[in-house]
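Here's input_25.csv, which has CSV, C-alpha atoms and all ligand atoms:
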```csv
chain,number,residue,atom,x,y,z
A,14,MET,CA,-33.2,19.6,118.3
A,15,THR,CA,-31.7,20.0,114.9
A,16,THR,CA,-28.1,18.8,114.8
A,17,GLN,CA,-25.5,20.6,112.7
A,18,SER,CA,-25.5,17.9,110.0
A,19,GLU,CA,-29.3,18.2,109.7
A,20,HIS,CA,-29.3,22.0,109.5
A,21,PRO,CA,-31.4,23.1,106.5
A,22,ALA,CA,-28.6,25.4,105.3
A,23,LEU,CA,-26.1,22.5,105.2
A,24,ILE,CA,-28.7,20.3,103.5
A,25,ALA,CA,-29.3,23.1,101.0
A,26,PHE,CA,-25.6,23.5,100.2
A,27,ARG,CA,-25.2,19.7,99.7
A,28,GLN,CA,-28.3,19.4,97.5
A,29,GLN,CA,-27.5,22.4,95.3
A,30,SER,CA,-23.9,21.5,94.6
A,31,PRO,CA,-24.8,18.5,92.3
A,32,VAL,CA,-27.6,20.4,90.7
A,33,CYS,CA,-25.1,23.1,89.6
A,34,ARG,CA,-22.6,20.5,88.5
A,35,GLU,CA,-25.3,18.7,86.4
A,36,GLY,CA,-26.6,22.1,85.2
A,37,GLY,CA,-23.2,22.9,83.6
A,38,SER,CA,-21.7,25.0,86.4
A,39,PRO,CA,-18.8,23.0,88.0
A,40,LEU,CA,-17.5,26.2,89.5
A,41,SER,CA,-20.7,26.9,91.4
A,42,ALA,CA,-20.7,23.3,92.6
A,43,LEU,CA,-17.1,23.8,93.9
A,44,ILE,CA,-17.9,27.0,95.6
A,45,LEU,CA,-21.0,25.5,97.3
A,46,ASP,CA,-18.8,22.6,98.6
A,47,VAL,CA,-16.4,25.2,100.0
A,48,LEU,CA,-19.3,27.1,101.6
A,49,ALA,CA,-20.7,23.8,103.1
A,50,ALA,CA,-17.3,23.0,104.6
A,51,ASP,CA,-17.0,26.5,106.1
A,52,PHE,CA,-20.5,26.1,107.6
A,53,VAL,CA,-19.5,22.8,109.2
A,54,ALA,CA,-16.3,24.5,110.5
A,55,GLY,CA,-18.3,27.3,112.1
A,56,GLY,CA,-16.8,30.0,109.9
A,57,PRO,CA,-18.4,33.1,108.4
A,58,VAL,CA,-20.8,31.1,106.3
A,59,HIS,CA,-22.1,29.5,109.4
A,60,ARG,CA,-22.7,32.9,111.0
A,61,ILE,CA,-24.5,34.2,107.8
A,62,ALA,CA,-26.7,31.2,107.5
A,63,LYS,CA,-27.6,31.1,111.2
A,64,GLY,CA,-28.4,34.8,111.3
A,65,TRP,CA,-30.7,34.5,108.2
A,66,GLY,CA,-34.4,34.4,109.0
A,67,GLY,CA,-35.5,32.6,105.8
A,68,ARG,CA,-36.0,28.9,104.8
A,69,ALA,CA,-32.7,27.7,103.5
A,70,ILE,CA,-34.0,25.2,101.0
A,71,GLU,CA,-37.3,26.8,99.8
A,72,ASP,CA,-35.9,30.3,99.6
A,73,ALA,CA,-32.7,29.3,97.8
A,74,LEU,CA,-30.2,30.5,100.4
A,75,THR,CA,-27.4,28.9,98.4
A,76,LEU,CA,-28.2,30.7,95.2
A,77,ARG,CA,-28.5,34.0,97.0
A,78,LEU,CA,-25.1,33.5,98.6
A,79,ILE,CA,-23.3,32.5,95.4
A,80,GLY,CA,-25.2,35.3,93.6
A,81,GLY,CA,-23.9,37.7,96.3
A,82,LEU,CA,-20.3,36.5,95.8
A,83,HIS,CA,-20.7,36.9,92.0
A,84,ARG,CA,-22.0,40.4,92.5
A,85,LEU,CA,-18.9,41.4,94.4
A,86,VAL,CA,-16.8,40.0,91.5
A,87,LEU,CA,-18.8,41.8,88.8
A,88,ASP,CA,-18.6,45.0,90.8
A,89,GLY,CA,-14.8,44.7,91.0
A,90,SER,CA,-14.9,44.6,94.8
A,91,ALA,CA,-13.2,41.2,95.2
A,92,PRO,CA,-10.2,40.9,92.8
A,93,ASN,CA,-8.8,37.8,94.6
A,94,LEU,CA,-12.0,35.9,93.9
A,95,ALA,CA,-12.4,37.4,90.4
A,96,LYS,CA,-9.3,35.7,89.2
A,97,HIS,CA,-11.3,32.4,89.4
A,98,TYR,CA,-14.4,33.6,87.6
A,99,PRO,CA,-14.7,33.1,83.9
A,100,SER,CA,-17.5,35.8,83.8
A,101,VAL,CA,-14.7,38.4,84.3
A,102,GLY,CA,-12.0,36.6,82.3
A,103,GLY,CA,-10.6,34.4,85.1
A,104,SER,CA,-10.2,30.7,85.5
A,105,PRO,CA,-10.4,28.6,88.7
A,106,THR,CA,-7.1,27.8,90.4
A,107,GLU,CA,-6.0,25.8,93.5
A,108,SER,CA,-6.5,28.8,95.8
A,109,LEU,CA,-10.2,29.0,95.1
A,110,ALA,CA,-11.3,27.6,98.5
A,111,THR,CA,-9.0,30.0,100.4
A,112,ASP,CA,-10.1,33.0,98.3
A,113,VAL,CA,-13.8,32.2,98.6
A,114,ILE,CA,-13.7,32.0,102.4
A,115,GLN,CA,-11.5,35.1,102.7
A,116,THR,CA,-14.0,37.0,100.5
A,117,VAL,CA,-17.0,35.8,102.6
A,118,SER,CA,-15.1,36.9,105.7
A,119,ASP,CA,-14.1,40.3,104.3
A,120,PHE,CA,-17.6,41.0,103.1
A,121,GLU,CA,-19.7,39.3,105.7
A,122,ALA,CA,-21.8,42.3,106.3
A,123,VAL,CA,-22.5,42.8,102.6
A,124,LEU,CA,-23.4,39.2,102.1
A,125,ARG,CA,-25.8,39.2,105.1
A,126,ILE,CA,-27.7,41.8,103.1
A,127,ALA,CA,-27.3,40.0,99.8
A,128,VAL,CA,-29.0,36.9,101.2
A,129,THR,CA,-32.1,38.9,101.9
A,130,GLN,CA,-32.6,39.5,98.2
A,131,GLN,CA,-34.7,37.1,96.2
A,132,VAL,CA,-33.1,35.3,93.3
A,133,GLN,CA,-34.4,36.9,90.1
A,134,THR,CA,-33.4,35.7,86.6
A,135,ASN,CA,-34.5,36.3,83.1
A,136,GLU,CA,-33.3,33.5,80.8
A,137,VAL,CA,-33.1,34.7,77.2
A,138,GLY,CA,-32.0,31.2,76.1
A,139,ARG,CA,-35.6,30.1,76.5
A,140,SER,CA,-36.4,32.0,73.3
A,141,ASN,CA,-34.6,29.2,71.5
A,142,ALA,CA,-37.8,27.1,72.2
A,143,LEU,CA,-40.3,30.0,72.2
A,144,LEU,CA,-39.2,31.0,68.7
A,145,GLY,CA,-40.6,27.7,67.3
A,146,GLY,CA,-44.0,28.5,68.9
A,147,PHE,CA,-44.1,32.1,67.7
A,148,LEU,CA,-43.2,30.9,64.1
A,149,ALA,CA,-46.0,28.3,64.3
A,150,ILE,CA,-48.5,31.1,65.2
A,151,ALA,CA,-47.2,33.2,62.4
A,152,GLU,CA,-47.6,30.3,60.0
A,153,LEU,CA,-51.2,29.6,61.2
A,154,THR,CA,-52.2,33.3,61.0
A,155,PRO,CA,-50.8,36.3,59.2
A,156,LYS,CA,-52.3,38.7,61.7
A,157,PRO,CA,-49.8,41.0,63.5
A,158,MET,CA,-49.0,39.8,67.0
A,159,LEU,CA,-49.6,41.7,70.3
A,160,LEU,CA,-47.3,40.0,72.8
A,161,LEU,CA,-48.5,39.7,76.4
A,162,GLU,CA,-46.1,38.0,78.7
A,163,ILE,CA,-46.9,37.0,82.3
A,164,GLY,CA,-44.0,36.5,84.8
A,165,SER,CA,-41.7,38.5,82.5
A,166,SER,CA,-39.0,39.3,85.0
A,167,ALA,CA,-37.2,42.0,82.9
A,168,GLY,CA,-39.3,41.2,79.9
A,169,LEU,CA,-36.3,40.3,77.7
A,170,ASN,CA,-38.1,37.4,75.9
A,171,LEU,CA,-40.6,39.9,74.6
A,172,PHE,CA,-37.8,40.7,72.1
A,173,TRP,CA,-37.5,37.2,70.8
A,174,ASP,CA,-37.9,38.4,67.2
A,175,LEU,CA,-34.9,40.7,67.5
A,176,PHE,CA,-32.6,37.9,68.4
A,177,SER,CA,-30.6,35.8,66.0
A,178,TYR,CA,-30.9,32.0,66.1
A,179,SER,CA,-28.2,29.7,64.8
A,180,ASN,CA,-28.0,25.9,65.3
A,181,GLU,CA,-27.1,22.9,63.2
A,182,THR,CA,-30.7,22.6,61.8
A,183,PHE,CA,-31.5,26.1,60.9
A,184,GLU,CA,-30.7,29.8,61.1
A,185,TRP,CA,-33.3,32.6,61.7
A,186,ASN,CA,-32.8,36.3,61.7
A,187,ALA,CA,-29.1,35.9,61.1
A,188,ILE,CA,-28.9,39.6,60.3
A,189,GLN,CA,-29.4,40.7,63.9
A,190,ARG,CA,-26.1,40.1,65.8
A,191,ASP,CA,-26.6,41.6,69.2
A,192,VAL,CA,-27.9,38.3,70.7
A,193,VAL,CA,-27.1,35.1,68.8
A,194,LEU,CA,-28.9,32.2,70.4
A,195,LYS,CA,-27.3,28.8,69.9
A,196,THR,CA,-28.9,25.6,70.9
A,197,ASP,CA,-28.6,21.9,70.3
A,198,TRP,CA,-31.8,21.5,68.2
A,199,SER,CA,-33.1,18.0,67.4
A,200,GLY,CA,-36.0,17.1,65.1
A,201,SER,CA,-37.0,19.0,62.0
A,202,ALA,CA,-36.8,22.8,61.8
A,203,PRO,CA,-39.9,24.7,62.9
A,204,ALA,CA,-42.4,25.1,60.1
A,205,CYS,CA,-42.1,27.9,57.7
A,206,LEU,CA,-38.9,29.7,58.6
A,207,SER,CA,-39.6,32.2,55.9
A,208,VAL,CA,-42.6,33.7,57.6
A,209,GLU,CA,-42.0,37.2,58.8
A,210,PRO,CA,-43.9,37.8,62.1
A,211,VAL,CA,-45.1,41.4,62.6
A,212,ILE,CA,-45.1,42.5,66.3
A,213,VAL,CA,-47.5,45.4,67.1
A,214,GLY,CA,-46.9,45.6,70.8
A,215,ARG,CA,-45.0,44.2,73.7
A,216,ALA,CA,-46.2,44.1,77.2
A,217,GLY,CA,-45.5,42.1,80.3
A,218,CYS,CA,-46.1,41.8,84.0
A,219,ASP,CA,-44.3,40.5,87.0
A,220,LEU,CA,-44.6,40.6,90.8
A,221,MET,CA,-41.0,41.7,90.9
A,222,PRO,CA,-40.3,43.4,87.5
A,223,ILE,CA,-36.7,44.3,86.7
A,224,ASP,CA,-36.3,47.8,85.3
A,225,ILE,CA,-33.7,47.4,82.5
A,226,HIS,CA,-32.9,51.1,82.7
A,227,ASP,CA,-31.7,50.6,86.3
A,228,ASP,CA,-28.0,49.6,86.1
A,229,ASP,CA,-28.1,48.2,89.7
A,230,ALA,CA,-31.1,46.0,88.9
A,231,CYS,CA,-29.4,44.7,85.7
A,232,ARG,CA,-26.2,43.9,87.6
A,233,SER,CA,-28.3,42.0,90.1
A,234,LEU,CA,-29.8,39.9,87.2
A,235,GLU,CA,-26.3,39.2,85.9
A,236,SER,CA,-25.1,38.1,89.4
A,237,PHE,CA,-27.6,35.2,89.4
A,238,ILE,CA,-26.1,33.8,86.2
A,239,TRP,CA,-23.6,31.1,87.1
A,240,PRO,CA,-20.1,32.5,86.8
A,241,ASP,CA,-18.7,29.9,84.5
A,242,GLN,CA,-21.5,30.4,81.9
A,243,PRO,CA,-20.2,33.5,80.2
A,244,GLU,CA,-22.3,32.8,77.0
A,245,ARG,CA,-25.5,33.2,79.1
A,246,LEU,CA,-24.1,36.5,80.5
A,247,ALA,CA,-23.3,37.8,77.1
A,248,ARG,CA,-26.8,37.1,75.7
A,249,LEU,CA,-28.4,38.6,78.8
A,250,ARG,CA,-26.3,41.8,78.3
A,251,GLY,CA,-27.1,41.8,74.6
A,252,ALA,CA,-30.8,41.4,75.3
A,253,ILE,CA,-30.7,44.3,77.8
A,254,ARG,CA,-29.2,46.5,75.1
A,255,ILE,CA,-32.0,45.6,72.7
A,256,ALA,CA,-34.7,46.2,75.3
A,257,ARG,CA,-33.2,49.6,76.1
A,258,GLU,CA,-33.4,50.6,72.5
A,259,ASN,CA,-37.0,49.4,71.9
A,260,GLU,CA,-40.4,50.2,73.4
A,261,TYR,CA,-42.3,47.9,75.7
A,262,ARG,CA,-44.5,48.1,78.7
A,263,LEU,CA,-43.6,46.2,81.9
A,264,GLU,CA,-45.9,46.4,84.9
A,265,LYS,CA,-45.6,45.3,88.5
A,266,ALA,CA,-48.7,43.2,88.7
A,267,ASP,CA,-50.0,39.7,89.6
A,268,ALA,CA,-50.6,37.6,86.5
A,269,GLY,CA,-54.4,37.1,87.1
A,270,PRO,CA,-55.5,40.7,87.5
A,271,TRP,CA,-53.2,41.9,84.8
A,272,LEU,CA,-54.7,39.5,82.3
A,273,THR,CA,-58.2,40.6,83.2
A,274,LYS,CA,-57.2,44.1,82.1
A,275,GLU,CA,-55.3,43.0,79.0
A,276,LEU,CA,-57.9,40.6,77.8
A,277,ALA,CA,-60.9,42.9,78.4
A,278,GLU,CA,-61.2,43.9,74.8
A,279,PRO,CA,-60.6,41.8,71.7
A,280,ALA,CA,-57.7,43.2,69.5
A,281,ASP,CA,-59.3,43.6,66.1
A,282,GLY,CA,-57.0,42.8,63.2
A,283,GLN,CA,-54.5,41.3,65.5
A,284,CYS,CA,-53.5,38.1,67.3
A,285,LYS,CA,-53.1,38.5,71.1
A,286,VAL,CA,-50.3,36.1,72.1
A,287,ILE,CA,-50.3,35.4,75.8
A,288,PHE,CA,-47.0,33.6,76.6
A,289,HIS,CA,-45.0,32.6,79.6
A,290,SER,CA,-41.9,30.5,80.5
A,291,ILE,CA,-40.9,28.8,83.8
A,292,MET,CA,-43.3,30.8,85.9
A,293,TRP,CA,-46.4,28.6,86.2
A,294,ASP,CA,-45.1,26.7,89.3
A,295,TYR,CA,-44.9,30.0,91.1
A,296,LEU,CA,-48.6,30.5,90.8
A,297,PRO,CA,-50.9,29.2,93.5
A,298,LYS,CA,-53.4,26.6,92.1
A,299,THR,CA,-56.3,29.1,92.3
A,300,MET,CA,-54.3,31.6,90.2
A,301,GLN,CA,-53.4,28.9,87.7
A,302,ASP,CA,-57.1,28.0,87.4
A,303,ASP,CA,-58.0,31.7,87.1
A,304,VAL,CA,-55.4,32.4,84.4
A,305,THR,CA,-56.4,29.3,82.4
A,306,ALA,CA,-60.1,30.3,82.6
A,307,GLN,CA,-59.4,33.8,81.5
A,308,ILE,CA,-57.3,32.8,78.5
A,309,THR,CA,-59.9,30.1,77.5
A,310,GLN,CA,-62.7,32.6,77.8
A,311,ALA,CA,-60.9,35.1,75.7
A,312,GLY,CA,-60.1,32.3,73.2
A,313,GLU,CA,-63.8,31.3,73.0
A,314,LEU,CA,-64.6,34.9,72.1
A,315,ALA,CA,-61.9,35.0,69.4
A,316,THR,CA,-62.8,35.5,65.8
A,317,GLU,CA,-60.9,35.2,62.5
A,318,SER,CA,-60.1,38.9,62.7
A,319,ALA,CA,-59.2,39.0,66.5
A,320,LEU,CA,-57.3,35.8,67.3
A,321,VAL,CA,-56.0,34.6,70.6
A,322,ALA,CA,-52.9,32.4,71.1
A,323,TRP,CA,-51.5,30.8,74.3
A,324,LEU,CA,-47.9,29.8,74.1
A,325,ARG,CA,-46.2,28.3,77.2
A,326,LEU,CA,-42.8,26.7,78.1
A,327,GLU,CA,-43.5,25.1,81.4
A,328,LEU,CA,-42.7,22.0,83.4
A,329,GLU,CA,-45.7,19.6,83.1
A,330,ARG,CA,-45.1,16.6,85.3
A,331,PRO,CA,-44.3,13.8,84.8
A,332,SER,CA,-42.0,15.3,82.2
A,333,VAL,CA,-38.8,16.4,83.9
A,334,TYR,CA,-38.1,19.1,81.2
A,335,PRO,CA,-40.3,22.0,80.2
A,336,MET,CA,-42.8,21.4,77.4
A,337,LEU,CA,-43.7,23.9,74.7
A,338,LYS,CA,-47.4,24.0,74.1
A,339,LEU,CA,-49.6,26.2,71.9
A,340,THR,CA,-53.3,26.7,71.8
A,341,LEU,CA,-54.8,28.9,69.1
A,342,TRP,CA,-58.3,30.3,68.8
A,343,PRO,CA,-60.8,30.4,67.1
A,344,GLY,CA,-60.9,26.6,67.3
A,345,GLY,CA,-58.8,26.1,70.4
A,346,GLN,CA,-56.5,23.5,68.8
A,347,GLU,CA,-53.8,22.5,71.3
A,348,LEU,CA,-50.4,21.5,69.9
A,349,THR,CA,-47.4,20.1,71.8
A,350,LEU,CA,-44.5,21.5,69.9
A,351,GLY,CA,-41.5,20.0,71.8
A,352,THR,CA,-39.5,19.9,75.0
A,353,ALA,CA,-36.5,22.0,76.0
A,354,HIS,CA,-33.7,22.3,78.5
A,355,PHE,CA,-34.5,24.8,81.3
A,356,HIS,CA,-32.1,27.4,79.9
A,357,GLY,CA,-32.7,26.5,76.2
A,358,ALA,CA,-29.4,24.7,75.9
A,359,TRP,CA,-31.2,22.1,73.8
A,360,VAL,CA,-34.6,21.9,72.1
A,361,LYS,CA,-36.3,18.6,71.0
A,362,TRP,CA,-38.8,19.7,68.4
A,363,SER,CA,-41.7,17.3,67.9
A,364,LYS,CA,-43.8,19.1,65.4
A,365,GLY,CA,-43.1,18.6,61.7
B,1,LIG,C1,-38.1,31.7,87.0
B,1,LIG,S1,-38.6,33.4,86.7
B,1,LIG,C2,-38.8,33.3,84.9
B,1,LIG,C3,-38.8,34.6,84.3
B,1,LIG,C4,-39.0,34.6,82.8
B,1,LIG,N1,-40.3,34.2,82.4
B,1,LIG,C5,-37.9,33.8,82.1
B,1,LIG,O1,-38.3,32.8,81.5
B,1,LIG,O2,-36.7,34.2,82.2
B,1,LIG,C6,-40.3,33.4,87.3
B,1,LIG,C7,-40.9,34.8,87.3
B,1,LIG,O3,-42.3,34.7,87.6
B,1,LIG,C8,-42.6,35.8,88.4
B,1,LIG,N2,-43.9,35.6,89.1
B,1,LIG,C9,-44.1,34.7,90.1
B,1,LIG,N3,-45.4,34.7,90.5
B,1,LIG,C10,-46.0,35.6,89.7
B,1,LIG,C11,-47.3,36.1,89.7
B,1,LIG,N4,-48.3,35.7,90.5
B,1,LIG,N5,-47.6,37.1,88.7
B,1,LIG,C12,-46.6,37.6,87.9
B,1,LIG,N6,-45.3,37.1,88.0
B,1,LIG,C13,-45.0,36.2,88.8
B,1,LIG,C14,-41.4,35.9,89.3
B,1,LIG,O4,-41.3,37.2,89.9
B,1,LIG,C15,-40.3,35.7,88.3
B,1,LIG,O5,-39.9,36.9,87.7
```

Is it possible to give me this structure as structure tokens?
Ligand SMILES: C[S@@+](CC[C@H](N)C(=O)[O-])C[C@H]1O[C@@H](n2cnc3c(N)ncnc32)[C@H](O)[C@@H]1O
Amino acid sequence: MTTQSEHPALIAFRQQSPVCREGGSPLSALILDVLAADFVAGGPVHRIAKGWGGRAIEDALTLRLIGGLHRLVLDGSAPNLAKHYPSVGGSPTESLATDVIQTVSDFEAVLRIAVTQQVQTNEVGRSNALLGGFLAIAELTPKPMLLLEIGSSAGLNLFWDLFSYSNETFEWNAIQRDVVLKTDWSGSAPACLSVEPVIVGRAGCDLMPIDIHDDDACRSLESFIWPDQPERLARLRGAIRIARENEYRLEKADAGPWLTKELAEPADGQCKVIFHSIMWDYLPKTMQDDVTAQITQAGELATESALVAWLRLELERPSVYPMLKLTLWPGGQELTLGTAHFHGAWVKWSKG
């Protein structure tokens, strides 16, 4: 029999708290500690966790619950909790624990529904690293790019060329001010900052795509941003504005079958750029093999007038941080461009 201290929900709260603290969200860590204590005390958190049918650790119960609380704050439904949340202009005070538990108690029914919703994010900060890859492609070929993203979420990184980048090493696209991406960049600047990539199309797929024209879906994306990281929230909102003003195609589809369709014909006069960030681990091994085979096959058929590029920012063990890799066909040369923080807070560029 599982004892209280071994209950997966309690283990999940206790594991996630240091992850949030190390990930730059001390407020989330504090809230998780409060939720864990309430679970032990048999309060409303205990009832919500016990009544939930999912797997606490694997299905991220903790992130669902703190996302549910953040949603109440963003919606203006929980002013007592809001006063602790920097995302709405607050700042944590000594009454945080009391206000968290009071809110969980007041909104127990709402939170029971909230924890049934999967965590869904779209991290625009990853474009800090992806930019270097796109510029490397533009430097290697002047052909216009057709962007094809798998695991796009809301597809916001499809607009990487409409963001502005500013760090101690370089600036790029400083004229666009809706989303200014800042990062701690180390190593040289990406090659050829003066190239001007031309984008001829933007398309993506996801098993659970977020419709950026749906306010409720956008609020849900916002709620999964940690509440003491207002700069992430600001860039998400800026990117949503950009996406709403520009054309793109986002389909609800599994990566493998979607690529089969998108790679069926070569794009004459263009470079098809297949890219993805932090989605590879979600694919079963058979799907990873299928996607790799499809891209490689399309690459082998590439010509100087119909190129294929594969850019990915993914965790490749034993590295503990995502690596940025690029393969460009014809030729199939693979380049390791650098490593990056999961949300793009830093980029270590390794290519000259
Ligand atoms: C951690 S999110 C990353 C989203 C986005 N790439 C980013 O960097 O912000 C992983 C995404 O992969 C999607 N995903 C998982 N398996 C997938 C599959 N088989 N086909 C397409 N998308 C998938 C998920 O729905 C989710 O939106």

Residues contacting ligand LIG 1 (chain B) - anything with an atom at most 8 Å away, using all atoms listed in the file - can you give me those as an NGL selection string? :A and (133-137 or 139 or 162-170 or 218-222 or 265-269 or 289-293 or 295-297 or 300)

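Between Ala62 in chain A and the candidates A:Gly251, A:Pro21, A:Pro270, A:Pro157, the tightest atom-to-atom separation, counting all atoms listed in the file, involves A:Pro21.
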
Selection: 9 Å around Lys338 in chain A, only C-alpha atoms, excl. self and same-chain fewer than 6 positions, as a PyMOL selection string: chain A and resi 146+323-327+347-352

Go ahead and write the selection's residues with C-alpha atoms as a PDB file, in the frame of the given file.
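Writing the result to part.pdb gives the following:
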```pdb
ATOM      1  CA  GLY A 146     -44.000  28.500  68.900  1.00  0.00           C
ATOM      2  CA  TRP A 323     -51.500  30.800  74.300  1.00  0.00           C
ATOM      3  CA  LEU A 324     -47.900  29.800  74.100  1.00  0.00           C
ATOM      4  CA  ARG A 325     -46.200  28.300  77.200  1.00  0.00           C
ATOM      5  CA  LEU A 326     -42.800  26.700  78.100  1.00  0.00           C
ATOM      6  CA  GLU A 327     -43.500  25.100  81.400  1.00  0.00           C
ATOM      7  CA  GLU A 347     -53.800  22.500  71.300  1.00  0.00           C
ATOM      8  CA  LEU A 348     -50.400  21.500  69.900  1.00  0.00           C
ATOM      9  CA  THR A 349     -47.400  20.100  71.800  1.00  0.00           C
ATOM     10  CA  LEU A 350     -44.500  21.500  69.900  1.00  0.00           C
ATOM     11  CA  GLY A 351     -41.500  20.000  71.800  1.00  0.00           C
ATOM     12  CA  THR A 352     -39.500  19.900  75.000  1.00  0.00           C
TER      13      THR A 352
END
```

All residues 9 Å or closer to Trp65 in chain A, all atoms listed in the file, same chain fewer than 6 positions away omitted, as a CSV table (one decimal) with C-alpha atoms, keeping the file's coordinate frame:
```csv
chain,number,residue,atom,x,y,z
A,74,LEU,CA,-30.2,30.5,100.4
A,125,ARG,CA,-25.8,39.2,105.1
A,128,VAL,CA,-29.0,36.9,101.2
A,129,THR,CA,-32.1,38.9,101.9
```

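For the choices A:Gln283, A:Ser332, A:Ser179, A:Thr116, the atom-to-atom distance to Val213 in chain A is smallest for A:Gln283 when using only C-alpha atoms.
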
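In this model, the gap between CA of Asp302 in chain A and CA of Glu329 in chain A comes to 14.8 Å.
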
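CA of Leu320 in chain A sits 29.7 Å away from CA of Val192 in chain A.
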
Protein, DNA and RNA residues within 10 Å of (-29.8, 33.7, 98.8), all atoms listed in the file, as a ChimeraX atom specification: /A:62,65,67-70,72-81,124-132,237

Residues within 7 Å of Ser41 in chain A, only C-alpha atoms, excluding chain neighbours under 4 positions, as a compact mmCIF listing (two decimals) with C-alpha atoms, keeping the file's coordinate frame:
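Everything below was put into result.txt:
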```
# COMPACT_ATOMS: atom_id res chain seq x y z
CA CYS A 33 -25.10 23.10 89.60
CA LEU A 45 -21.00 25.50 97.30
CA TRP A 239 -23.60 31.10 87.10
```

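We find CA of Cys284 in chain A and CA of Glu264 in chain A to be spaced 20.9 Å apart.
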
Selection near Ile188 in chain A, 12 Å with only C-alpha atoms, sequence-local residues under 3 positions removed, as a PyMOL selection string: chain A and resi 174-179+184-185+191-193

Using only C-alpha atoms, please write the residues we just selected to a file, as an mmCIF file, in the frame of the given file.
```
data_model
loop_
_atom_site.group_PDB
_atom_site.id
_atom_site.type_symbol
_atom_site.label_atom_id
_atom_site.label_comp_id
_atom_site.auth_asym_id
_atom_site.auth_seq_id
_atom_site.Cartn_x
_atom_site.Cartn_y
_atom_site.Cartn_z
ATOM 1 C CA ASP A 174 -37.900 38.400 67.200
ATOM 2 C CA LEU A 175 -34.900 40.700 67.500
ATOM 3 C CA PHE A 176 -32.600 37.900 68.400
ATOM 4 C CA SER A 177 -30.600 35.800 66.000
ATOM 5 C CA TYR A 178 -30.900 32.000 66.100
ATOM 6 C CA SER A 179 -28.200 29.700 64.800
ATOM 7 C CA GLU A 184 -30.700 29.800 61.100
ATOM 8 C CA TRP A 185 -33.300 32.600 61.700
ATOM 9 C CA ASP A 191 -26.600 41.600 69.200
ATOM 10 C CA VAL A 192 -27.900 38.300 70.700
ATOM 11 C CA VAL A 193 -27.100 35.100 68.800
#
```

Would you list the contacts of Thr309 in chain A as an mmCIF file with C-alpha atoms, keeping the file's coordinate frame, taking every protein, DNA or RNA residue within 12 Å and counting all atoms listed in the file, but skipping same-chain residues closer than 6 positions in sequence?
```cif
data_model
loop_
_atom_site.group_PDB
_atom_site.id
_atom_site.type_symbol
_atom_site.label_atom_id
_atom_site.label_comp_id
_atom_site.auth_asym_id
_atom_site.auth_seq_id
_atom_site.Cartn_x
_atom_site.Cartn_y
_atom_site.Cartn_z
ATOM 1 C CA LEU A 272 -54.700 39.500 82.300
ATOM 2 C CA LEU A 276 -57.900 40.600 77.800
ATOM 3 C CA ILE A 287 -50.300 35.400 75.800
ATOM 4 C CA ASP A 302 -57.100 28.000 87.400
ATOM 5 C CA ASP A 303 -58.000 31.700 87.100
ATOM 6 C CA ALA A 315 -61.900 35.000 69.400
ATOM 7 C CA LEU A 320 -57.300 35.800 67.300
ATOM 8 C CA VAL A 321 -56.000 34.600 70.600
ATOM 9 C CA ALA A 322 -52.900 32.400 71.100
ATOM 10 C CA TRP A 323 -51.500 30.800 74.300
ATOM 11 C CA THR A 340 -53.300 26.700 71.800
ATOM 12 C CA LEU A 341 -54.800 28.900 69.100
ATOM 13 C CA TRP A 342 -58.300 30.300 68.800
ATOM 14 C CA PRO A 343 -60.800 30.400 67.100
ATOM 15 C CA GLY A 344 -60.900 26.600 67.300
ATOM 16 C CA GLY A 345 -58.800 26.100 70.400
ATOM 17 C CA GLN A 346 -56.500 23.500 68.800
ATOM 18 C CA GLU A 347 -53.800 22.500 71.300
#
```

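Of the listed residues A:Gly357, A:Pro92, A:Pro155, A:Gly36, the one whose atoms come nearest to Lys195 in chain A is A:Gly357, with distances taken using all atoms listed in the file.
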
Taking all atoms listed in the file into account, which of A:Leu339, A:Val208, A:Leu249, A:Val58 comes nearest Ile225 in chain A? A:Leu249

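Across A:Ser38, A:Asn180, A:Asn259, A:Gln29, the tightest approach to Gly214 in chain A is made by A:Asn259 when counting all atoms listed in the file.
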